[in-house]
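Asker: This one is protein_20.csv, CSV, C-alpha atoms.
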```csv
chain,number,residue,atom,x,y,z
A,132,ASP,CA,24.0,52.1,93.1
A,133,LEU,CA,27.2,53.3,91.6
A,134,ARG,CA,27.8,56.8,90.2
A,135,GLY,CA,30.9,58.4,88.9
A,136,HIS,CA,32.5,60.7,86.4
A,137,VAL,CA,35.7,61.0,84.5
A,138,GLY,CA,36.0,64.6,83.4
A,139,GLU,CA,32.7,65.3,81.6
A,140,VAL,CA,31.8,61.7,81.2
A,141,THR,CA,29.2,60.4,83.7
A,142,PHE,CA,28.4,56.8,84.6
A,143,ASP,CA,25.5,55.4,86.6
A,144,ALA,CA,24.8,51.7,87.4
A,145,ASN,CA,22.4,50.0,89.7
A,146,GLY,CA,21.6,46.3,90.2
A,147,GLU,CA,23.0,43.4,92.1
A,148,ALA,CA,26.2,41.4,92.1
A,149,SER,CA,27.7,38.4,93.9
A,150,GLY,CA,31.1,36.7,93.7
A,151,LEU,CA,32.8,40.0,94.1
A,152,GLN,CA,36.3,38.7,93.4
A,153,ASP,CA,35.5,37.7,89.8
A,154,LEU,CA,32.0,39.3,89.3
A,155,SER,CA,30.7,35.9,88.3
A,156,GLN,CA,27.0,36.8,89.1
A,157,VAL,CA,26.0,40.3,87.9
A,158,GLY,CA,22.8,42.1,86.9
A,159,LEU,CA,23.3,45.8,86.2
A,160,ASN,CA,21.4,48.6,84.6
A,161,ILE,CA,23.9,51.0,83.1
A,162,HIS,CA,23.8,54.6,81.8
A,163,SER,CA,26.6,56.7,80.6
A,164,LYS,CA,27.0,59.8,78.5
A,165,GLY,CA,29.6,62.5,77.6
A,166,PRO,CA,30.7,65.0,75.1
A,167,ASP,CA,33.5,62.9,73.6
A,168,MET,CA,33.5,59.1,73.1
A,169,GLY,CA,37.2,59.4,72.3
A,170,HIS,CA,38.0,60.2,76.0
A,171,VAL,CA,36.7,56.8,77.0
A,172,LEU,CA,38.2,54.9,74.2
A,173,ARG,CA,41.6,56.5,74.6
A,174,LEU,CA,41.8,54.8,78.0
A,175,PHE,CA,42.0,51.5,76.0
A,176,ARG,CA,44.6,53.0,73.6
A,177,LEU,CA,42.0,53.4,70.8
A,178,ASP,CA,42.8,56.9,69.7
A,179,GLN,CA,41.7,57.1,66.0
A,180,PHE,CA,38.2,58.2,67.0
A,181,ARG,CA,37.3,61.9,66.5
A,182,GLN,CA,35.3,63.9,69.0
A,183,GLU,CA,31.6,62.9,69.1
A,184,PRO,CA,29.0,63.1,71.9
A,185,PHE,CA,27.6,59.8,73.1
A,186,GLU,CA,25.0,58.2,75.4
A,187,VAL,CA,24.7,54.5,76.2
A,188,GLN,CA,22.2,52.7,78.4
A,189,GLY,CA,20.9,49.1,78.8
A,190,ARG,CA,21.3,46.1,81.0
A,191,LEU,CA,24.2,43.6,81.5
A,192,LEU,CA,23.7,40.2,83.1
A,193,ARG,CA,26.4,37.7,83.9
A,194,ASP,CA,26.0,34.1,85.1
A,195,GLY,CA,29.4,32.5,85.2
A,196,PRO,CA,30.7,32.3,81.6
A,197,THR,CA,27.5,33.6,80.2
A,198,LEU,CA,27.2,37.4,79.5
A,199,GLN,CA,24.0,38.9,78.2
A,200,PHE,CA,23.5,42.3,76.7
A,201,GLN,CA,19.8,43.4,77.0
A,202,ASP,CA,18.4,46.4,75.1
A,203,ILE,CA,21.8,48.2,74.8
A,204,LYS,CA,21.1,51.5,73.1
A,205,MET,CA,23.8,53.9,72.2
A,206,GLU,CA,23.8,57.2,70.4
A,207,LEU,CA,27.1,58.3,68.9
A,208,GLY,CA,26.8,61.6,67.3
A,209,SER,CA,23.8,61.2,64.9
A,210,THR,CA,24.2,57.4,64.8
A,211,ARG,CA,22.0,55.0,66.9
A,212,PHE,CA,23.0,51.5,67.9
A,213,ASP,CA,20.7,48.8,69.3
A,214,LEU,CA,22.3,45.6,70.6
A,215,ASN,CA,21.0,42.4,72.2
A,216,GLY,CA,23.1,39.4,72.6
A,217,THR,CA,24.5,36.5,74.6
A,218,LEU,CA,28.2,35.4,75.0
A,219,ARG,CA,28.0,31.9,76.3
A,220,ASP,CA,31.7,31.5,76.8
A,221,PHE,CA,32.7,35.1,77.7
A,222,PRO,CA,35.1,36.6,76.7
A,223,HIS,CA,35.2,34.4,73.6
A,224,PHE,CA,32.8,35.0,70.7
A,225,ARG,CA,32.3,31.5,69.5
A,226,GLY,CA,28.7,30.3,70.3
A,227,ALA,CA,27.5,33.9,70.7
A,228,GLN,CA,24.0,35.1,69.8
A,229,VAL,CA,23.9,38.7,68.5
A,230,GLU,CA,21.4,41.0,67.1
A,231,LEU,CA,22.6,44.5,66.1
A,232,GLU,CA,20.9,47.4,64.4
A,233,VAL,CA,22.6,50.6,63.4
A,234,ARG,CA,20.9,53.6,61.9
A,235,GLY,CA,22.5,56.9,61.0
A,236,ASP,CA,22.0,60.2,59.2
A,237,ASP,CA,25.4,60.4,57.7
A,238,ILE,CA,27.7,57.4,57.1
A,239,ALA,CA,30.6,59.7,56.3
A,240,SER,CA,30.6,60.9,60.0
A,241,VAL,CA,30.8,57.2,61.1
A,242,ARG,CA,33.8,56.6,58.8
A,243,ASP,CA,35.5,59.6,60.2
A,244,ILE,CA,34.8,58.5,63.8
A,245,LEU,CA,36.3,55.0,63.1
A,246,GLY,CA,39.0,56.2,60.8
A,247,LEU,CA,37.7,54.0,57.9
A,248,PRO,CA,38.0,54.7,54.1
A,249,GLY,CA,35.1,54.9,51.8
A,250,THR,CA,33.0,57.2,49.6
A,251,ALA,CA,29.4,56.6,50.7
A,252,GLU,CA,27.5,59.6,52.2
A,253,GLY,CA,24.1,60.3,53.7
A,254,PRO,CA,21.7,58.0,55.6
A,255,PHE,CA,22.6,54.4,56.2
A,256,SER,CA,21.5,51.3,58.1
A,257,LEU,CA,23.1,48.0,59.2
A,258,ASP,CA,21.2,44.9,60.4
A,259,PHE,CA,23.3,42.0,61.7
A,260,SER,CA,22.4,38.8,63.4
A,261,PHE,CA,24.4,35.7,64.5
A,262,GLU,CA,22.5,32.6,65.7
A,263,PRO,CA,24.6,29.6,67.0
A,264,GLY,CA,23.5,26.2,65.7
A,265,ALA,CA,21.0,27.6,63.3
A,266,GLY,CA,23.0,27.1,60.1
A,267,THR,CA,23.3,24.3,57.6
A,268,GLY,CA,26.4,23.0,55.7
A,269,PRO,CA,27.8,20.4,53.3
A,270,ASP,CA,29.6,18.4,56.0
A,271,PRO,CA,28.7,17.0,59.4
A,272,GLY,CA,29.1,19.3,62.3
A,273,THR,CA,27.6,22.4,63.8
A,274,TYR,CA,26.9,25.5,61.8
A,275,ASP,CA,26.1,28.9,63.0
A,276,ARG,CA,24.0,31.3,60.9
A,277,ALA,CA,25.1,34.9,60.2
A,278,THR,CA,23.1,37.5,58.2
A,279,ALA,CA,23.8,41.1,57.4
A,280,ARG,CA,22.1,43.8,55.4
A,281,ILE,CA,23.7,47.2,54.7
A,282,ASN,CA,22.0,50.1,53.0
A,283,SER,CA,23.8,53.3,52.0
A,284,SER,CA,24.0,55.8,49.1
A,285,LEU,CA,26.1,53.3,47.2
A,286,GLY,CA,23.4,50.6,47.3
A,287,THR,CA,22.5,47.5,49.3
A,288,ILE,CA,24.5,44.4,50.2
A,289,VAL,CA,22.9,41.3,51.8
A,290,LEU,CA,24.9,38.4,53.2
A,291,ASP,CA,23.4,35.1,54.4
A,292,GLY,CA,26.1,32.8,55.7
A,293,ASN,CA,26.6,29.5,57.5
A,294,VAL,CA,29.7,29.4,59.7
A,295,SER,CA,31.2,26.0,60.3
A,296,SER,CA,32.8,24.9,63.6
A,297,ASP,CA,36.1,24.1,61.8
A,298,GLU,CA,39.0,26.1,63.3
A,299,ARG,CA,39.7,27.5,59.8
A,300,TYR,CA,36.0,27.8,58.9
A,301,ALA,CA,36.2,25.1,56.2
A,302,GLY,CA,32.7,24.3,55.0
A,303,SER,CA,31.4,27.7,55.7
A,304,THR,CA,29.1,29.1,53.0
A,305,ALA,CA,27.6,32.5,52.1
A,306,LEU,CA,25.1,33.9,49.7
A,307,ILE,CA,26.0,37.4,48.5
A,308,ASP,CA,23.5,39.9,46.9
A,309,LEU,CA,24.9,43.3,46.0
A,310,ASP,CA,22.8,46.0,44.3
A,311,GLY,CA,25.1,48.9,43.6
A,312,LEU,CA,23.9,52.3,42.5
A,313,ASN,CA,27.1,53.9,41.2
A,314,ALA,CA,30.0,51.7,39.9
A,315,ALA,CA,32.4,54.6,39.7
A,316,GLU,CA,32.0,55.5,43.4
A,317,SER,CA,31.8,51.9,44.7
A,318,LEU,CA,34.5,50.2,42.7
A,319,GLY,CA,36.8,53.1,41.8
A,320,ILE,CA,39.0,52.0,44.8
A,321,LEU,CA,39.9,48.9,42.8
A,322,GLY,CA,41.6,50.9,40.1
A,323,LEU,CA,39.3,49.6,37.3
A,324,PRO,CA,39.5,52.0,34.3
A,325,GLY,CA,36.6,54.0,32.8
A,326,LEU,CA,33.8,53.1,35.2
A,327,GLY,CA,30.7,55.2,34.9
A,328,PRO,CA,28.1,56.2,37.5
A,329,THR,CA,26.0,53.2,36.4
A,330,PRO,CA,24.0,50.7,38.6
A,331,TYR,CA,25.4,47.1,38.8
A,332,THR,CA,24.6,43.9,40.6
A,333,VAL,CA,26.7,41.0,42.0
A,334,ASP,CA,25.0,37.7,43.1
A,335,GLY,CA,26.9,34.6,44.2
A,336,ARG,CA,27.4,31.7,46.5
A,337,ILE,CA,30.8,31.0,48.0
A,338,GLU,CA,32.3,28.3,50.2
A,339,ILE,CA,35.4,28.2,52.3
A,340,GLN,CA,37.5,25.1,51.5
A,341,ALA,CA,40.9,23.9,52.7
A,342,GLN,CA,42.4,24.8,49.3
A,343,GLY,CA,40.8,28.2,48.9
A,344,LEU,CA,37.5,30.0,48.2
A,345,SER,CA,35.1,28.0,46.1
A,346,ILE,CA,32.7,30.1,43.9
A,347,GLU,CA,29.7,28.0,43.1
A,348,ARG,CA,28.4,30.7,40.8
A,349,ALA,CA,28.9,34.5,40.7
A,350,ASP,CA,26.8,36.7,38.4
A,351,ILE,CA,27.9,40.3,37.7
A,352,SER,CA,25.8,42.7,35.7
A,353,GLY,CA,26.1,46.3,34.7
A,354,LEU,CA,29.9,46.8,34.4
A,355,TYR,CA,31.3,47.8,31.0
A,356,GLY,CA,28.0,46.7,29.4
A,357,VAL,CA,28.7,43.1,30.1
A,358,GLU,CA,26.9,40.2,31.8
A,359,ALA,CA,29.5,38.0,33.5
A,360,THR,CA,29.4,34.6,35.2
A,361,ALA,CA,32.2,32.9,37.0
A,362,SER,CA,32.6,29.6,38.9
A,363,GLY,CA,35.5,27.6,40.3
A,364,LEU,CA,38.2,27.9,43.0
A,365,VAL,CA,40.4,30.8,44.0
A,366,GLY,CA,43.3,29.4,46.0
A,367,TRP,CA,44.5,31.1,49.2
A,368,LYS,CA,47.6,31.8,47.2
A,369,PRO,CA,45.9,32.5,43.9
A,370,LEU,CA,49.0,32.3,41.7
A,371,ASP,CA,50.5,29.1,43.2
A,372,GLY,CA,48.5,26.6,41.2
A,373,ASP,CA,45.3,26.0,43.2
A,374,SER,CA,43.1,28.5,41.3
A,375,ALA,CA,40.9,27.4,38.4
A,376,LEU,CA,37.9,29.3,37.1
A,377,SER,CA,35.3,29.1,34.3
A,378,ILE,CA,34.1,32.4,33.0
A,379,GLU,CA,31.4,33.6,30.6
A,380,LEU,CA,30.9,37.1,29.3
A,381,THR,CA,28.3,38.5,27.0
A,382,GLY,CA,27.8,42.0,25.7
A,383,SER,CA,25.9,44.0,23.2
A,384,ASP,CA,28.6,46.5,22.1
A,385,LEU,CA,32.2,45.4,21.6
A,386,GLU,CA,33.6,48.9,21.1
A,387,GLN,CA,31.8,50.3,24.2
A,388,THR,CA,33.2,47.4,26.4
A,389,LEU,CA,36.9,47.7,25.2
A,390,THR,CA,37.2,51.5,24.9
A,391,PRO,CA,37.7,52.1,28.7
A,392,PHE,CA,40.7,49.8,28.6
A,393,GLY,CA,42.5,52.1,26.2
A,394,ILE,CA,41.8,50.1,23.0
A,395,GLU,CA,41.1,52.7,20.3
A,396,TRP,CA,40.7,50.5,17.3
A,397,PRO,CA,37.7,51.2,15.0
A,398,LEU,CA,35.8,48.3,16.4
A,399,ALA,CA,32.2,47.6,15.5
A,400,SER,CA,29.3,48.1,17.9
A,401,ALA,CA,28.6,44.4,17.7
A,402,ALA,CA,27.3,41.8,20.1
A,403,PHE,CA,29.8,39.4,21.5
A,404,SER,CA,30.4,36.5,23.9
A,405,LEU,CA,33.4,34.9,25.5
A,406,THR,CA,33.9,31.7,27.4
A,407,SER,CA,37.2,30.3,28.8
A,408,GLY,CA,38.8,28.2,31.5
A,409,VAL,CA,41.3,30.2,33.5
A,410,ARG,CA,44.0,28.3,35.5
A,411,ALA,CA,47.0,29.5,37.6
A,412,THR,CA,50.2,27.5,36.9
A,413,ALA,CA,53.8,27.8,37.9
A,414,ALA,CA,54.5,29.1,34.3
A,415,GLY,CA,51.7,31.7,34.3
A,416,ILE,CA,48.0,32.0,33.6
A,417,ARG,CA,46.6,29.4,31.3
A,418,LEU,CA,43.5,30.0,29.2
A,419,ASP,CA,41.8,26.8,28.1
A,420,GLU,CA,39.3,26.4,25.2
A,421,LEU,CA,38.8,30.1,24.9
A,422,LEU,CA,36.0,30.9,22.5
A,423,LEU,CA,35.2,34.5,21.4
A,424,THR,CA,32.3,35.2,19.1
A,425,VAL,CA,31.5,38.5,17.5
A,426,GLU,CA,28.4,38.4,15.4
A,427,GLU,CA,29.1,35.6,12.9
A,428,SER,CA,32.9,35.6,13.5
A,429,ARG,CA,34.6,33.4,16.1
A,430,LEU,CA,38.1,32.9,17.7
A,431,GLU,CA,39.2,29.8,19.4
A,432,ALA,CA,42.5,29.7,21.4
A,433,ASP,CA,44.5,28.0,24.1
A,434,ALA,CA,47.1,30.2,25.7
A,435,LEU,CA,49.8,30.4,28.3
A,436,ILE,CA,50.4,34.0,29.5
A,437,PRO,CA,53.5,34.3,31.7
A,438,LEU,CA,53.4,36.8,34.5
A,439,THR,CA,56.6,38.5,33.4
A,440,GLU,CA,57.2,41.9,32.0
A,441,ASP,CA,58.7,40.6,28.7
A,442,LEU,CA,56.1,37.8,28.3
A,443,ALA,CA,59.0,35.3,27.9
A,444,GLY,CA,57.4,31.9,27.5
A,445,LEU,CA,54.2,33.2,25.9
A,446,ASP,CA,52.5,30.3,24.0
A,447,VAL,CA,49.2,30.8,22.0
A,448,THR,CA,47.6,28.5,19.6
A,449,MET,CA,44.6,30.1,17.8
A,450,GLN,CA,42.3,30.0,14.9
A,451,ALA,CA,39.7,32.5,13.8
A,452,GLN,CA,37.3,32.8,10.9
A,453,GLY,CA,34.2,34.8,9.9
A,454,SER,CA,32.0,35.7,6.9
A,455,GLU,CA,32.9,39.5,7.1
A,456,LEU,CA,35.6,41.5,8.8
A,457,THR,CA,33.0,44.2,9.3
A,458,ASP,CA,31.6,42.0,12.0
A,459,ILE,CA,34.6,43.1,14.1
A,460,PHE,CA,35.9,46.3,12.6
A,461,ARG,CA,34.0,49.5,11.6
A,462,PRO,CA,34.9,50.6,8.1
A,463,GLY,CA,35.9,54.2,7.6
A,464,GLU,CA,38.7,56.5,6.6
A,465,ALA,CA,41.1,55.0,9.1
A,466,LEU,CA,40.5,51.4,8.0
A,467,ASP,CA,39.7,50.0,4.6
A,468,VAL,CA,37.9,46.7,5.4
A,469,PRO,CA,37.7,44.4,2.3
A,470,PRO,CA,34.6,42.4,1.9
A,471,GLY,CA,34.4,38.6,2.0
A,472,ALA,CA,35.1,35.7,4.2
A,473,TRP,CA,38.4,35.5,6.2
A,474,SER,CA,40.3,33.2,8.4
A,475,ILE,CA,43.6,33.1,10.4
A,476,ALA,CA,45.4,30.3,12.2
A,477,SER,CA,48.8,30.5,14.0
A,478,HIS,CA,51.0,29.2,16.8
A,479,ILE,CA,52.5,32.2,18.5
A,480,ARG,CA,55.5,32.0,20.9
A,481,ARG,CA,57.8,34.3,22.7
A,482,VAL,CA,61.4,32.8,22.6
A,483,ASP,CA,64.7,34.6,23.4
A,484,SER,CA,63.1,38.1,23.0
A,485,ARG,CA,61.6,37.1,19.7
A,486,LEU,CA,58.0,36.7,18.8
A,487,LEU,CA,57.6,33.7,16.6
A,488,MET,CA,54.5,32.9,14.4
A,489,GLU,CA,54.6,29.3,13.3
A,490,ASN,CA,52.2,27.3,11.0
A,491,THR,CA,50.5,30.6,10.1
A,492,ARG,CA,47.7,30.7,7.5
A,493,ILE,CA,45.8,33.8,6.6
A,494,ALA,CA,43.0,34.0,4.1
A,495,LEU,CA,41.1,37.2,3.2
A,496,ALA,CA,38.9,37.6,0.1
A,497,ASP,CA,41.1,36.4,-2.8
A,498,LEU,CA,44.4,36.6,-0.7
A,499,GLU,CA,45.9,33.6,1.0
A,500,LEU,CA,49.2,33.6,2.9
A,501,THR,CA,51.1,30.8,4.7
A,502,GLY,CA,54.2,30.9,6.7
A,503,GLU,CA,56.4,28.9,9.2
```
If you convert what's in this file into structure tokens, what do you get?
Answerer:
Amino acid sequence: DLRGHVGEVTFDANGEASGLQDLSQVGLNIHSKGPDMGHVLRLFRLDQFRQEPFEVQGRLLRDGPTLQFQDIKMELGSTRFDLNGTLRDFPHFRGAQVELEVRGDDIASVRDILGLPGTAEGPFSLDFSFEPGAGTGPDPGTYDRATARINSSLGTIVLDGNVSSDERYAGSTALIDLDGLNAAESLGILGLPGLGPTPYTVDGRIEIQAQGLSIERADISGLYGVEATASGLVGWKPLDGDSALSIELTGSDLEQTLTPFGIEWPLASAAFSLTSGVRATAAGIRLDELLLTVEESRLEADALIPLTEDLAGLDVTMQAQGSELTDIFRPGEALDVPPGAWSIASHIRRVDSRLLMENTRIALADLELTGE
């Protein structure tokens, strides 16, 4: 038996051990508690933790390089941890088997303890498991399986992943299912404008590749009244030429979608859809075969958008037409929208601080204009 204390922190252990020089054979039942977990962690130079009472108990077994955690239970303030696991190559994590459950009455207190940012409050739970050799993957080799589920006042996120044995984890895949309850609270940290307290969902499958993060398909619903789908590759250096995505957007109210972005035109409350290829190039972001439809009107374009403040090098080829401008604009005192079919085509370039419109043709009702 071993008993001790450091200040108000007590420690009890009983069991057996052999190989005392390196503790290669150990079986211990442990129990420790105290009024401040920070006292213990500060011994390891971890001093961002605030004062919280704690109690931990369970059993540790070591057989050479294998270390087992059996029924480790810890209470930290109002949060409870349950851990079972095996490290087969202690102290390394690769090849580990882990099952962790965390339950708490107030996630904000845990954030404060750990010094983490966030906005969630109230009860929360975390379930995590890691099973070596139980995963599957696109390439030969061994894959581990990792799953996680987190519930909080902001919603639920579920991850189901296959972790490859590659040293850079190439070939690893993950399914992501996020059900958010409040977009403004969850995503406000991203700086997105005009988000409301609306529910939203994100579902997708990703794969780690040598060139970057491959998105097989990602579906986003509930943000700005839009249903969005994306697929493609986001390079590890997204703007260096490896990134290429295909995107699709559909919405029921054009004005509602664009107003949060500061666009105050008298737009119609019209259904719309947008598809485009998006590529990162050395010259900027390229939009390929962009197609925007608003009711019966449509815009087709190919564009190069430089990532410079003055947009030097901007190059857009576009054509648009429709049966009525009221498909897009809401008539009223601020805008007199003439009836009838319309069309516009132009090649727009930014050259030497000038905006050039070449091969321009505009037709509206009985009016037709052309220019070079």
Asker: Which residues come within 12 Å of range 257-267 of chain A, counting only C-alpha atoms, excluding same-chain residues fewer than 4 positions away, as a VMD selection string?
Answerer: chain A and resid 210 to 219 224 to 235 238 271 to 283 287 to 296 302 to 305
Asker: Kindly give the distance, in Å, that separates CA of Lys164 in chain A and CA of Gly146 in chain A, rounded to a single decimal.
Answerer: 18.7 Å
Asker: Nearest to Ser345 in chain A among A:Val137, A:Ala359, A:Ile320, A:Ala301, with distances taken over only C-alpha atoms: which residue is it?
Answerer: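 Of all the options, A:Ala301 lies closest to Ser345 in chain A.
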Asker: CA of Ile346 in chain A and CA of Gly286 in chain A are how many Å apart?
Answerer: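 Atom-to-atom, CA of Ile346 in chain A and CA of Gly286 in chain A are spaced 22.8 Å apart.
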Asker: Can you tell me how far CA of Ile161 in chain A sits from CA of Phe142 in chain A, in Å to one decimal?
Answerer: 7.5 Å
Asker: Would you mind telling me which residue in A:Leu442, A:Gly268, A:Phe392, A:Glu298 lies nearest to Gly322 in chain A when using all atoms listed in the file?
Answerer: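 For Gly322 in chain A, the nearest of the given residues is A:Phe392.
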Asker: When distances are computed from all atoms listed in the file, which of A:Val357, A:Ile459, A:Ile493, A:Leu486 shows the smallest separation from Trp473 in chain A?
Answerer: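 Among A:Val357, A:Ile459, A:Ile493, A:Leu486, it is A:Ile493 that comes nearest to Trp473 in chain A.
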Asker: Of the residues A:Asp167, A:Asp334, A:Asp483, A:Asp441, which is the one nearest to Glu186 in chain A, using all atoms listed in the file?
Answerer: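 Checking each candidate against Glu186 in chain A, we get A:Asp167 as the closest.
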Asker: Applying 12 Å and all atoms listed in the file, which residues near Lys368 in chain A remain after dropping the ones on its own chain fewer than 2 positions away? List them as a VMD selection string.
Answerer: chain A and resid 341 to 344 364 to 366 370 to 375 411 to 413
Asker: For Gly408 in chain A, list every protein, DNA or RNA residue within 12 Å, evaluated using all atoms listed in the file, and leave out those in the same chain fewer than 6 positions away; present the list as a ChimeraX atom specification.
Answerer: /A:360-364,374-379,416-422,432-435
Asker: Counting all atoms listed in the file, which residues of range 181-263 of chain A sit at most 12 Å from some atom of range 155-159 of chain A, and what is each one's closest atom pair with its distance in Å to one decimal, listed by chain and rising residue number, as a Markdown table?
Answerer:
```
| residue | atom | partner | partner_atom | distance |
| --- | --- | --- | --- | --- |
| A:Gln188 | CA | A:Leu159 | CA | 10.5 |
| A:Gly189 | CA | A:Leu159 | CA | 8.5 |
| A:Arg190 | CA | A:Leu159 | CA | 5.6 |
| A:Leu191 | CA | A:Leu159 | CA | 5.3 |
| A:Leu192 | CA | A:Gly158 | CA | 4.3 |
| A:Arg193 | CA | A:Val157 | CA | 4.8 |
| A:Asp194 | CA | A:Gln156 | CA | 4.9 |
| A:Gly195 | CA | A:Ser155 | CA | 4.8 |
| A:Pro196 | CA | A:Ser155 | CA | 7.6 |
| A:Thr197 | CA | A:Ser155 | CA | 9.0 |
| A:Leu198 | CA | A:Val157 | CA | 9.0 |
| A:Gln199 | CA | A:Gly158 | CA | 9.3 |
| A:Phe200 | CA | A:Leu159 | CA | 10.1 |
| A:Gln201 | CA | A:Leu159 | CA | 10.1 |
| A:Ile203 | CA | A:Leu159 | CA | 11.7 |
| A:Phe221 | CA | A:Ser155 | CA | 10.8 |
```
Asker: For Gly353 in chain A, which residue among A:Glu139, A:Asp310, A:Asp497, A:Glu252 is the nearest when counting all atoms listed in the file?
Answerer: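 The shortest atom-to-atom distance to Gly353 in chain A comes from A:Asp310.
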Asker: Nearest to Thr388 in chain A: which of A:Met449, A:Ala472, A:Leu326, A:Ala349 is it, counting all atoms listed in the file?
Answerer: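 Closest to Thr388 in chain A of all the choices is A:Leu326.
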Asker: Please identify all polymer residues within 8 Å of range 399-402 of chain A, counting only C-alpha atoms, omitting same-chain residues fewer than 4 positions from it, and present them as number ranges by chain.
Answerer: A: 381-387, 425-426, 457-461
Asker: Can range 394-400 of chain A be brought up to all heavy atoms and written out as a compact mmCIF listing (two decimals), in the coordinates of the input?
Answerer:
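Resulting contents of rebuild.txt:
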```txt
# COMPACT_ATOMS: atom_id res chain seq x y z
N ILE A 394 41.76 50.67 24.36
CA ILE A 394 41.80 50.10 23.00
C ILE A 394 40.99 51.02 22.09
O ILE A 394 39.77 51.15 22.21
CB ILE A 394 41.18 48.68 23.02
CG1 ILE A 394 42.03 47.78 23.91
CG2 ILE A 394 41.09 48.11 21.61
CD1 ILE A 394 41.49 46.37 24.07
N GLU A 395 41.70 51.68 21.17
CA GLU A 395 41.10 52.70 20.30
C GLU A 395 40.98 52.27 18.88
O GLU A 395 40.93 53.10 17.98
CB GLU A 395 41.89 54.01 20.44
CG GLU A 395 41.94 54.56 21.87
CD GLU A 395 42.75 55.84 21.98
OE1 GLU A 395 43.40 56.20 20.96
OE2 GLU A 395 42.75 56.45 23.05
N TRP A 396 40.94 50.98 18.64
CA TRP A 396 40.70 50.50 17.30
C TRP A 396 39.31 50.84 16.83
O TRP A 396 38.41 50.99 17.66
CB TRP A 396 40.93 48.98 17.23
CG TRP A 396 42.28 48.52 17.68
CD1 TRP A 396 43.42 49.26 17.76
CD2 TRP A 396 42.62 47.21 18.15
NE1 TRP A 396 44.46 48.50 18.23
CE2 TRP A 396 44.00 47.23 18.48
CE3 TRP A 396 41.90 46.03 18.31
CZ2 TRP A 396 44.66 46.12 18.96
CZ3 TRP A 396 42.57 44.91 18.79
CH2 TRP A 396 43.93 44.96 19.11
N PRO A 397 39.10 50.94 15.51
CA PRO A 397 37.70 51.20 15.00
C PRO A 397 36.88 49.94 15.06
O PRO A 397 36.56 49.32 14.04
CB PRO A 397 38.01 51.66 13.57
CG PRO A 397 39.27 50.98 13.17
CD PRO A 397 40.11 50.95 14.42
N LEU A 398 36.53 49.54 16.27
CA LEU A 398 35.80 48.30 16.40
C LEU A 398 34.28 48.55 16.16
O LEU A 398 33.75 49.65 16.35
CB LEU A 398 35.92 47.80 17.88
CG LEU A 398 37.33 47.39 18.28
CD1 LEU A 398 37.41 47.15 19.78
CD2 LEU A 398 37.76 46.15 17.52
N ALA A 399 33.62 47.50 15.75
CA ALA A 399 32.20 47.60 15.50
C ALA A 399 31.41 47.57 16.78
O ALA A 399 31.84 47.01 17.79
CB ALA A 399 31.76 46.40 14.60
N SER A 400 30.24 48.20 16.74
CA SER A 400 29.30 48.10 17.90
C SER A 400 28.53 46.85 17.77
O SER A 400 27.34 46.84 17.46
CB SER A 400 28.41 49.37 17.89
OG SER A 400 29.16 50.55 18.00
```
